[in-house]
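**Student:** Structure in structure tokens, see below.
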Amino acid sequence: MIKVLVSGACGRMGKSVVKAVLDAPELQLVAATDVCGEGDVGEIIGGKAIGITVEKDLAVAIDNHQPDVMVDFTRPDAVFDNVCLALKKKVAPVVGTTGLSDEQKAAIAKLSAENDTPAFIAPNFAIGAVLMMLMSRQAAKYMPEVEIIELHHDNKLDAPSGTAAQTAAMIAEVRPKHPQGHPDEKEKMTGARGADYEGIRIHSVRLPGYVAHQEVIFGGLGQTLTIRHDTTNRESFMPGVVLACQKVLGLKGLTVGLDKLLTD
Ligand code: NAP
């Protein structure tokens with residue numbers, strides 16, 4: 001049994017993760033933390049009490065319950081400290097929280113190596129989103145003019161989404177950096193052309209009613225190709241989270257992306 005602590009257990013994703021861990025035969029939920037820090041986690045997810053109280057202090061929870069893995073779905077401004085703390089205590093982090101900078105990821109990789117404890121980060125745990133990213137990288141070899149539109153619920157704190165940033169990074173691996181649009185184009189309103197990742201434009205939509213969605217649009221002579229992924233329910237992320245909990249202890253250092261855990 002792999003002992004799991006869920007950090008951010010009272011959040012939208014955290015509650016789904018608690019349920020998924022309780023349902024997974026190979027995983028044992030040993031602790032739950034959140035700044036809300038009150039109540040039995042079984043009741044917080046809408047079921048019966050299971051004798052695990054949500055705790056506020058991650059360090060104390062790790063010391064008391066000795067988890068093997070910490071799953072983190074918190075906030076962009078909290079995740080880095082949580083991951084560093086876990087690694088220093090030799091607990092392997094599985095990170096879904098988005099918004100970590102490249103510098104923070106490099107620091108996590110260093111800390112992971114220094115403490116001989118693996119770490120796993122996935123900007124998106126949904127298999128369909130991983131396929132969208134892999135297919136986009138493939139398509140960009142043949143249709144290098146591309147823009148990304150990501151659409152999320154309006155409680156999301158970071159923009160662009162981690163998935164959009166990761167998609168752009170994967171496309172940039174196979175497409176030479178170059179500007180897109182007319183060389184003389186001018187933004188009449190700031191931000192009209194979106195964020196710029198090596199020439200790839202990223203547009204972020206935030207509206208109630210959305211969960212997590214993304215379109216990658218490729219343009220060519222007389223044609224466009226759109227690769228779209230829609231998450232309509234947070235359950236879509238759970239098989240990926242459970243897989244990461246099962247596999248992380250067998251990894252070395254920092255691994256980024258669910259595609260690294262998939263086998264043909
Ligand atoms: P959420 O509902 O706001 O949940 C976050 C929870 O963490 C809240 O209960 C929050 O409490 C708590 N929290 C804040 N700071 C904390 C800390 N220092 N320690 C412990 N808990 C803390 O957000 P969500 O929709 O679940 O999303 C969480 C993160 O997952 C976001 O970054 C989102 O982009 C990401 N996400 C990733 C994936 C993926 O596949 N990788 C999928 C969906 C979402 P308060 O409300 O009191 O602040």
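In the structure tokens, chains take the letters A, B, ... in the order shown, each chain's residues start at 1, and ligands count up from 1 in the order shown.
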Using only C-alpha atoms and all ligand atoms, determine which residues fall within 6 Å of ligand 1, then list them as a ChimeraX atom specification.

**Tutor:** /A:7-8,10-14,33-36,73-76,78,96-98,122-125,237

**Student:** Within 10 Å of Val211 of chain A, counting only C-alpha atoms, which residues show up once you throw out same-chain ones fewer than 4 positions away? Write them as a ChimeraX atom specification, please.

**Tutor:** /A:151-156,206-207,230-234

**Student:** Kindly save the residues from that selection, with N, CA and C atoms included, as a tab-separated table (two decimals), in the first residue's frame.

**Tutor:**
chain	number	residue	atom	x	y	z
A	151	LEU	N	-9.73	27.82	-22.33
A	151	LEU	CA	-10.95	28.35	-21.71
A	151	LEU	C	-11.15	27.65	-20.37
A	152	HIS	N	-11.28	28.42	-19.29
A	152	HIS	CA	-11.44	27.85	-17.95
A	152	HIS	C	-12.52	28.60	-17.15
A	153	HIS	N	-12.97	27.96	-16.07
A	153	HIS	CA	-13.87	28.59	-15.10
A	153	HIS	C	-13.22	29.87	-14.54
A	154	ASP	N	-14.04	30.77	-14.05
A	154	ASP	CA	-13.51	32.09	-13.65
A	154	ASP	C	-12.97	32.12	-12.23
A	155	ASN	N	-12.79	30.93	-11.58
A	155	ASN	CA	-12.10	30.90	-10.29
A	155	ASN	C	-10.62	30.55	-10.46
A	156	LYS	N	-10.21	30.31	-11.69
A	156	LYS	CA	-8.81	29.95	-11.92
A	156	LYS	C	-7.91	31.16	-11.66
A	206	ARG	N	-11.83	33.31	-19.42
A	206	ARG	CA	-12.27	32.94	-18.06
A	206	ARG	C	-13.75	33.27	-17.92
A	207	LEU	N	-14.57	32.24	-17.80
A	207	LEU	CA	-16.02	32.45	-17.70
A	207	LEU	C	-16.66	31.39	-16.82
A	230	ASP	N	-11.95	18.89	-24.32
A	230	ASP	CA	-12.90	19.43	-23.34
A	230	ASP	C	-12.92	18.56	-22.11
A	231	THR	N	-12.68	19.17	-20.95
A	231	THR	CA	-12.90	18.48	-19.68
A	231	THR	C	-14.27	18.95	-19.19
A	232	THR	N	-15.21	18.03	-19.09
A	232	THR	CA	-16.55	18.43	-18.67
A	232	THR	C	-16.79	18.08	-17.21
A	233	ASN	N	-15.84	17.34	-16.61
A	233	ASN	CA	-16.02	16.87	-15.24
A	233	ASN	C	-14.64	16.62	-14.64
A	234	ARG	N	-14.43	17.02	-13.39
A	234	ARG	CA	-13.11	16.86	-12.76
A	234	ARG	C	-12.71	15.39	-12.58

**Student:** With a distance cut-off of 12 Å and only C-alpha atoms, select the neighbouring residues of Lys260 of chain A, excluding the residue or stretch itself and same-chain residues fewer than 6 positions from it, and output the selection as number ranges by chain.

**Tutor:** A: 120-122, 125, 127, 130-131, 134, 240, 243-244, 247-248, 251, 254

**Student:** So which bits of segment 60-221 of chain A end up strand (DSSP E or B) when you DSSP the backbone, as number ranges by chain?

**Tutor:** A: 69-72, 92-95, 119-121, 145-152, 195-197, 200-206, 212-220

**Student:** As an exercise, work out the distance from atom CA of Val17 of chain A to atom CA of Val241 of chain A in Å and give it to one decimal place.

**Tutor:**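 That distance, rounded to one decimal, is 7.5 Å.
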
**Student:** Just checking: using only C-alpha atoms, which residue out of A:Gly128, A:Pro176, A:Pro93, A:Gly39 ends up closest to Glu145 of chain A?

**Tutor:**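 Smallest separation from Glu145 of chain A among the options: A:Pro176.
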
**Student:** Write down as an MDAnalysis selection string the residues of segment 132-191 of chain A whose backbone DSSP state falls under helix (DSSP H, G or I).

**Tutor:** chainID A and resid 132:140 162:172

**Student:** Find the spatial neighbours of Met133 of chain A, counting only C-alpha atoms, within a cut-off of 9 Å - ignore same-chain residues fewer than 5 positions away - and output them as a list of chain:residue names.

**Tutor:**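 Contacts, with the query itself left out: A:Gly128, A:Gln138, A:Thr163, A:Ala164, A:Gln166, A:Thr167, A:Ala168, A:Met170, A:Ile171, A:Val216.
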
**Student:** I need the residues from that last selection saved to file as a compact mmCIF listing (two decimals), in the first residue's frame (with N, CA, C and O atoms), if you can.

**Tutor:**
# COMPACT_ATOMS: atom_id res chain seq x y z
N GLY A 128 -6.99 12.72 -22.38
CA GLY A 128 -7.33 13.39 -23.63
C GLY A 128 -6.50 14.65 -23.84
O GLY A 128 -6.10 14.97 -24.97
N GLN A 138 3.04 16.92 -33.03
CA GLN A 138 3.18 16.22 -34.31
C GLN A 138 2.70 17.12 -35.46
O GLN A 138 3.39 17.27 -36.48
N THR A 163 -1.53 23.87 -18.93
CA THR A 163 -1.66 23.03 -20.13
C THR A 163 -1.29 23.82 -21.39
O THR A 163 -0.58 23.31 -22.26
N ALA A 164 -1.76 25.07 -21.46
CA ALA A 164 -1.44 25.89 -22.64
C ALA A 164 0.06 26.16 -22.71
O ALA A 164 0.67 26.07 -23.79
N GLN A 166 2.45 24.32 -21.44
CA GLN A 166 3.13 23.06 -21.78
C GLN A 166 2.93 22.73 -23.26
O GLN A 166 3.86 22.28 -23.94
N THR A 167 1.74 22.98 -23.79
CA THR A 167 1.49 22.72 -25.21
C THR A 167 2.41 23.59 -26.07
O THR A 167 3.02 23.10 -27.03
N ALA A 168 2.51 24.87 -25.71
CA ALA A 168 3.37 25.78 -26.47
C ALA A 168 4.83 25.32 -26.41
O ALA A 168 5.54 25.34 -27.42
N MET A 170 5.92 22.28 -25.98
CA MET A 170 6.10 21.06 -26.79
C MET A 170 6.11 21.39 -28.28
O MET A 170 6.87 20.81 -29.06
N ILE A 171 5.27 22.34 -28.70
CA ILE A 171 5.25 22.75 -30.11
C ILE A 171 6.58 23.44 -30.46
O ILE A 171 7.16 23.20 -31.53
N VAL A 216 -6.21 24.05 -30.09
CA VAL A 216 -4.94 24.37 -30.73
C VAL A 216 -5.26 24.49 -32.22
O VAL A 216 -5.69 23.51 -32.84
